[in-house]
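File shown: model00.tsv. Contents: TSV, N, CA and C atoms.
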chain	number	residue	atom	x	y	z
A	882	MET	N	129.20	-23.30	-50.71
A	882	MET	CA	129.80	-23.30	-52.04
A	882	MET	C	131.32	-23.23	-51.85
A	883	ASP	N	132.05	-24.09	-52.58
A	883	ASP	CA	133.49	-24.08	-52.39
A	883	ASP	C	134.12	-22.89	-53.11
A	884	ARG	N	135.32	-22.58	-52.72
A	884	ARG	CA	136.01	-21.38	-53.20
A	884	ARG	C	136.24	-21.41	-54.71
A	885	ALA	N	136.65	-22.57	-55.24
A	885	ALA	CA	136.93	-22.67	-56.68
A	885	ALA	C	135.68	-22.41	-57.49
A	886	ARG	N	134.54	-22.91	-57.03
A	886	ARG	CA	133.30	-22.69	-57.76
A	886	ARG	C	132.91	-21.21	-57.71
A	887	GLU	N	133.06	-20.59	-56.53
A	887	GLU	CA	132.75	-19.16	-56.41
A	887	GLU	C	133.63	-18.34	-57.35
A	888	GLU	N	134.91	-18.69	-57.43
A	888	GLU	CA	135.82	-17.97	-58.32
A	888	GLU	C	135.45	-18.17	-59.78
A	889	ALA	N	135.03	-19.39	-60.13
A	889	ALA	CA	134.63	-19.67	-61.50
A	889	ALA	C	133.39	-18.87	-61.87
A	890	ILE	N	132.44	-18.79	-60.95
A	890	ILE	CA	131.22	-18.02	-61.20
A	890	ILE	C	131.55	-16.55	-61.34
A	891	GLU	N	132.43	-16.06	-60.49
A	891	GLU	CA	132.82	-14.65	-60.56
A	891	GLU	C	133.55	-14.35	-61.87
A	892	ALA	N	134.44	-15.27	-62.29
A	892	ALA	CA	135.17	-15.08	-63.55
A	892	ALA	C	134.21	-15.08	-64.73
A	893	PHE	N	133.22	-15.94	-64.68
A	893	PHE	CA	132.21	-15.98	-65.75
A	893	PHE	C	131.47	-14.66	-65.80
A	894	GLY	N	131.06	-14.16	-64.64
A	894	GLY	CA	130.34	-12.88	-64.58
A	894	GLY	C	131.20	-11.72	-65.04
A	895	ASN	N	132.48	-11.75	-64.70
A	895	ASN	CA	133.38	-10.68	-65.11
A	895	ASN	C	133.60	-10.68	-66.62
A	896	GLY	N	133.41	-11.84	-67.26
A	896	GLY	CA	133.59	-11.94	-68.70
A	896	GLY	C	132.40	-11.41	-69.48
A	897	ALA	N	131.28	-11.20	-68.80
A	897	ALA	CA	130.09	-10.70	-69.48
A	897	ALA	C	130.29	-9.25	-69.88
A	898	GLU	N	129.60	-8.85	-70.92
A	898	GLU	CA	129.70	-7.47	-71.36
A	898	GLU	C	129.02	-6.57	-70.32
A	899	PRO	N	129.68	-5.51	-69.92
A	899	PRO	CA	129.06	-4.62	-68.92
A	899	PRO	C	127.90	-3.83	-69.53
A	900	LEU	N	126.93	-3.53	-68.74
A	900	LEU	CA	125.80	-2.72	-69.17
A	900	LEU	C	126.21	-1.27	-69.01
A	901	LEU	N	126.41	-0.58	-70.11
A	901	LEU	CA	126.94	0.78	-70.07
A	901	LEU	C	125.89	1.80	-69.66
A	902	ALA	N	124.65	1.56	-70.01
A	902	ALA	CA	123.58	2.49	-69.65
A	902	ALA	C	122.42	1.68	-69.09
A	903	PRO	N	121.76	2.21	-68.08
A	903	PRO	CA	120.63	1.46	-67.53
A	903	PRO	C	119.52	1.35	-68.58
A	904	PRO	N	118.80	0.23	-68.58
A	904	PRO	CA	117.74	0.08	-69.57
A	904	PRO	C	116.65	1.12	-69.37
A	905	ALA	N	116.11	1.60	-70.47
A	905	ALA	CA	115.05	2.61	-70.40
A	905	ALA	C	113.77	1.95	-69.89
A	906	VAL	N	113.13	2.59	-68.96
A	906	VAL	CA	111.88	2.07	-68.41
A	906	VAL	C	110.75	2.58	-69.30
A	907	SER	N	109.95	1.66	-69.75
A	907	SER	CA	108.87	2.03	-70.65
A	907	SER	C	107.54	2.01	-69.90
A	908	VAL	N	106.73	3.04	-70.13
A	908	VAL	CA	105.41	3.11	-69.51
A	908	VAL	C	104.52	2.04	-70.10
A	909	ALA	N	104.72	1.72	-71.37
A	909	ALA	CA	103.90	0.72	-72.04
A	909	ALA	C	104.10	-0.67	-71.44
A	910	LYS	N	105.20	-0.86	-70.75
A	910	LYS	CA	105.47	-2.16	-70.14
A	910	LYS	C	104.42	-2.52	-69.09
A	911	ALA	N	103.87	-1.54	-68.45
A	911	ALA	CA	102.90	-1.79	-67.40
A	911	ALA	C	101.61	-2.38	-67.95
A	912	ALA	N	101.28	-2.08	-69.19
A	912	ALA	CA	100.04	-2.56	-69.78
A	912	ALA	C	100.35	-3.59	-70.86
A	913	LEU	N	100.87	-4.74	-70.43
A	913	LEU	CA	101.19	-5.79	-71.39
A	913	LEU	C	99.91	-6.41	-71.93
A	914	ALA	N	99.87	-6.59	-73.23
A	914	ALA	CA	98.71	-7.21	-73.86
A	914	ALA	C	98.93	-8.71	-73.95
A	915	ARG	N	97.91	-9.45	-73.64
A	915	ARG	CA	97.98	-10.91	-73.73
A	915	ARG	C	97.68	-11.30	-75.18
A	916	PRO	N	98.51	-12.16	-75.77
A	916	PRO	CA	98.26	-12.56	-77.16
A	916	PRO	C	96.95	-13.33	-77.27
A	917	SER	N	96.29	-13.17	-78.41
A	917	SER	CA	95.01	-13.85	-78.60
A	917	SER	C	95.20	-15.33	-78.91
A	918	VAL	N	96.37	-15.68	-79.41
A	918	VAL	CA	96.66	-17.07	-79.76
A	918	VAL	C	98.00	-17.45	-79.13
A	919	THR	N	98.05	-18.61	-78.52
A	919	THR	CA	99.31	-19.10	-77.98
A	919	THR	C	100.04	-19.83	-79.10
A	920	PRO	N	101.26	-19.40	-79.43
A	920	PRO	CA	101.98	-20.06	-80.51
A	920	PRO	C	102.30	-21.51	-80.14
A	921	GLN	N	102.34	-22.35	-81.16
A	921	GLN	CA	102.70	-23.75	-80.93
A	921	GLN	C	104.17	-23.82	-80.53
A	922	LEU	N	104.44	-24.62	-79.54
A	922	LEU	CA	105.82	-24.83	-79.15
A	922	LEU	C	106.43	-25.80	-80.14
A	923	GLY	N	107.46	-25.38	-80.80
A	923	GLY	CA	108.09	-26.24	-81.79
A	923	GLY	C	109.59	-26.21	-81.60
A	924	ASP	N	110.19	-27.32	-81.86
A	924	ASP	CA	111.63	-27.42	-81.77
A	924	ASP	C	112.11	-28.11	-83.03
A	925	ALA	N	112.68	-27.33	-83.93
A	925	ALA	CA	113.07	-27.86	-85.23
A	925	ALA	C	114.44	-28.52	-85.21
A	926	ARG	N	115.06	-28.60	-84.04
A	926	ARG	CA	116.39	-29.22	-84.00
A	926	ARG	C	116.30	-30.70	-84.32
A	927	ASP	N	117.35	-31.22	-84.89
A	927	ASP	CA	117.44	-32.64	-85.22
A	927	ASP	C	117.90	-33.37	-83.96
A	928	LYS	N	116.97	-33.93	-83.24
A	928	LYS	CA	117.31	-34.56	-81.97
A	928	LYS	C	117.90	-35.96	-82.14
A	929	THR	N	117.78	-36.53	-83.32
A	929	THR	CA	118.38	-37.85	-83.54
A	929	THR	C	119.88	-37.73	-83.81
A	930	ASN	N	120.32	-36.58	-84.25
A	930	ASN	CA	121.74	-36.35	-84.53
A	930	ASN	C	122.20	-35.06	-83.84
A	931	PRO	N	122.38	-35.11	-82.51
A	931	PRO	CA	122.74	-33.88	-81.80
A	931	PRO	C	124.13	-33.39	-82.18
A	932	ARG	N	124.32	-32.07	-82.11
A	932	ARG	CA	125.62	-31.48	-82.42
A	932	ARG	C	126.39	-31.09	-81.17
A	933	THR	N	125.71	-31.04	-80.04
A	933	THR	CA	126.37	-30.62	-78.81
A	933	THR	C	126.00	-31.56	-77.68
A	934	MET	N	126.82	-31.52	-76.62
A	934	MET	CA	126.56	-32.28	-75.41
A	934	MET	C	127.33	-31.62	-74.27
A	935	LEU	N	126.68	-31.48	-73.15
A	935	LEU	CA	127.34	-30.92	-71.98
A	935	LEU	C	128.00	-32.06	-71.23
A	936	LEU	N	129.27	-31.90	-70.95
A	936	LEU	CA	130.02	-32.92	-70.24
A	936	LEU	C	130.46	-32.35	-68.90
A	937	ARG	N	130.00	-32.96	-67.83
A	937	ARG	CA	130.38	-32.52	-66.48
A	937	ARG	C	131.45	-33.45	-65.93
A	938	PHE	N	132.49	-32.87	-65.39
A	938	PHE	CA	133.55	-33.66	-64.79
A	938	PHE	C	133.25	-33.98	-63.34
A	939	ASP	N	132.23	-33.33	-62.78
A	939	ASP	CA	131.86	-33.50	-61.38
A	939	ASP	C	133.09	-33.33	-60.49
A	940	GLU	N	133.40	-34.31	-59.72
A	940	GLU	CA	134.53	-34.19	-58.78
A	940	GLU	C	135.81	-34.83	-59.32
A	941	ASP	N	135.82	-35.22	-60.57
A	941	ASP	CA	136.97	-35.93	-61.14
A	941	ASP	C	138.00	-34.94	-61.69
A	942	ARG	N	138.66	-34.25	-60.80
A	942	ARG	CA	139.67	-33.27	-61.19
A	942	ARG	C	140.84	-33.93	-61.93
A	943	GLU	N	141.11	-35.18	-61.58
A	943	GLU	CA	142.19	-35.91	-62.23
A	943	GLU	C	141.92	-36.06	-63.73
A	944	LEU	N	140.67	-36.29	-64.10
A	944	LEU	CA	140.31	-36.42	-65.51
A	944	LEU	C	140.50	-35.09	-66.25
A	945	VAL	N	140.16	-33.99	-65.61
A	945	VAL	CA	140.36	-32.66	-66.20
A	945	VAL	C	141.84	-32.43	-66.47
A	946	ASP	N	142.65	-32.74	-65.47
A	946	ASP	CA	144.10	-32.55	-65.61
A	946	ASP	C	144.68	-33.48	-66.67
A	947	LEU	N	144.19	-34.72	-66.72
A	947	LEU	CA	144.66	-35.68	-67.71
A	947	LEU	C	144.33	-35.21	-69.13
A	948	LEU	N	143.14	-34.70	-69.31
A	948	LEU	CA	142.74	-34.18	-70.62
A	948	LEU	C	143.66	-33.03	-71.04
A	949	ALA	N	143.93	-32.11	-70.14
A	949	ALA	CA	144.80	-30.98	-70.46
A	949	ALA	C	146.22	-31.46	-70.77
A	950	GLU	N	146.70	-32.42	-70.01
A	950	GLU	CA	148.06	-32.93	-70.22
A	950	GLU	C	148.18	-33.63	-71.57
A	951	VAL	N	147.25	-34.53	-71.88
A	951	VAL	CA	147.32	-35.27	-73.14
A	951	VAL	C	147.11	-34.33	-74.33
A	952	ALA	N	146.21	-33.38	-74.19
A	952	ALA	CA	146.01	-32.41	-75.27
A	952	ALA	C	147.30	-31.65	-75.54
A	953	SER	N	148.00	-31.28	-74.49
A	953	SER	CA	149.26	-30.57	-74.65
A	953	SER	C	150.31	-31.46	-75.32
A	954	LEU	N	150.39	-32.72	-74.90
A	954	LEU	CA	151.35	-33.65	-75.50
A	954	LEU	C	151.06	-33.86	-76.99
A	955	GLU	N	149.79	-33.87	-77.37
A	955	GLU	CA	149.41	-34.10	-78.76
A	955	GLU	C	149.39	-32.80	-79.57
A	956	GLY	N	149.61	-31.67	-78.91
A	956	GLY	CA	149.58	-30.39	-79.61
A	956	GLY	C	148.19	-30.01	-80.06
A	957	ARG	N	147.19	-30.39	-79.29
A	957	ARG	CA	145.80	-30.10	-79.63
A	957	ARG	C	145.18	-29.24	-78.54
A	958	LYS	N	144.05	-28.66	-78.86
A	958	LYS	CA	143.25	-27.98	-77.85
A	958	LYS	C	142.45	-29.06	-77.14
A	959	LYS	N	141.90	-28.71	-75.97
A	959	LYS	CA	141.21	-29.72	-75.16
A	959	LYS	C	139.95	-30.27	-75.84
A	960	HIS	N	139.19	-29.43	-76.52
A	960	HIS	CA	137.96	-29.92	-77.14
A	960	HIS	C	138.21	-30.98	-78.20
A	961	PRO	N	139.09	-30.71	-79.20
A	961	PRO	CA	139.36	-31.76	-80.19
A	961	PRO	C	139.97	-33.01	-79.55
A	962	MET	N	140.79	-32.82	-78.52
A	962	MET	CA	141.39	-33.97	-77.86
A	962	MET	C	140.33	-34.78	-77.13
A	963	ALA	N	139.38	-34.11	-76.50
A	963	ALA	CA	138.31	-34.82	-75.80
A	963	ALA	C	137.47	-35.61	-76.78
A	964	LEU	N	137.18	-35.03	-77.95
A	964	LEU	CA	136.41	-35.76	-78.96
A	964	LEU	C	137.19	-36.98	-79.46
A	965	ARG	N	138.48	-36.83	-79.67
A	965	ARG	CA	139.31	-37.95	-80.13
A	965	ARG	C	139.35	-39.05	-79.08
A	966	ALA	N	139.56	-38.66	-77.83
A	966	ALA	CA	139.62	-39.65	-76.75
A	966	ALA	C	138.28	-40.35	-76.57
A	967	LEU	N	137.20	-39.61	-76.70
A	967	LEU	CA	135.87	-40.20	-76.58
A	967	LEU	C	135.66	-41.23	-77.70
A	968	ARG	N	136.04	-40.87	-78.91
A	968	ARG	CA	135.90	-41.81	-80.03
A	968	ARG	C	136.71	-43.08	-79.79
A	969	ILE	N	137.98	-42.93	-79.40
A	969	ILE	CA	138.84	-44.09	-79.16
A	969	ILE	C	138.25	-44.97	-78.06
A	970	GLY	N	137.83	-44.33	-76.98
A	970	GLY	CA	137.27	-45.08	-75.86
A	970	GLY	C	135.99	-45.80	-76.21
A	971	LEU	N	135.10	-45.12	-76.91
A	971	LEU	CA	133.82	-45.74	-77.29
A	971	LEU	C	134.03	-46.89	-78.27
A	972	GLU	N	134.98	-46.74	-79.20
A	972	GLU	CA	135.26	-47.82	-80.13
A	972	GLU	C	135.78	-49.05	-79.39
A	973	ARG	N	136.61	-48.84	-78.38
A	973	ARG	CA	137.12	-49.97	-77.59
A	973	ARG	C	136.01	-50.63	-76.78
A	974	VAL	N	135.13	-49.84	-76.23
A	974	VAL	CA	134.00	-50.39	-75.47
A	974	VAL	C	133.12	-51.21	-76.42
A	975	ARG	N	132.84	-50.68	-77.62
A	975	ARG	CA	132.01	-51.39	-78.59
A	975	ARG	C	132.66	-52.70	-79.00
A	976	GLU	N	134.00	-52.71	-79.17
A	976	GLU	CA	134.70	-53.94	-79.52
A	976	GLU	C	134.50	-55.02	-78.46
A	977	GLY	N	134.35	-54.59	-77.21
A	977	GLY	CA	134.11	-55.56	-76.14
A	977	GLY	C	132.77	-56.25	-76.25
A	978	TYR	N	131.84	-55.68	-76.98
A	978	TYR	CA	130.52	-56.26	-77.16
A	978	TYR	C	130.41	-57.09	-78.44
A	979	GLN	N	131.44	-57.04	-79.28
A	979	GLN	CA	131.38	-57.77	-80.56
A	979	GLN	C	132.05	-59.10	-80.46
Would it be possible to restate this file's structure as structure tokens?
Amino acid sequence: MDRAREEAIEAFGNGAEPLLAPPAVSVAKAALARPSVTPQLGDARDKTNPRTMLLRFDEDRELVDLLAEVASLEGRKKHPMALRALRIGLERVREGYQ
């Protein structure tokens, strides 16, 4: 694991809320009851119109830096700038097909 990734993982962990008291151990936990009916697995999210997407930069550090630089030049935060850039780029790609 590279050093930057280890530091990012550690920073993420340090940002978590600390556990102030150890969880209480329950005797009833040892005798878990199995439900008589398995609930139906349901996902009510609208999958045709997603609201989120995970974007991985992988090894493209230059793209990360470019996003931060352009967002700063435009006076925007990175997320709104990334959405704007994605829209502009996708519209140009679509124009190439028309």
* Asked: For the atom pair atom C of Glu950 of chain A and atom N of Leu964 of chain A, what is the interatomic distance in Å to one decimal place?
  -> 12.8 Å
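The two atoms in question, atom N of Gly894 of chain A and atom CA of Ala952 of chain A, are spaced 25.9 Å apart.
What separates atom CA of Ala885 of chain A from atom CA of Lys958 of chain A is a distance of 22.7 Å.
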Size and centre in Å, one decimal, axis-aligned box, all listed segment 955-968 of chain A atoms plus 6 Å per side, as JSON:
{"center_x": 142.7, "center_y": -35.5, "center_z": -77.7, "size_x": 26.1, "size_y": 27.1, "size_z": 17.0}
* Which neighbours of segment 932-949 of chain A fall inside 7 Å, counting only C-alpha atoms, when residues of the same chain fewer than 4 positions from it are skipped, and could you give them as a PyMOL selection string? -> chain A and resi 953+959+963
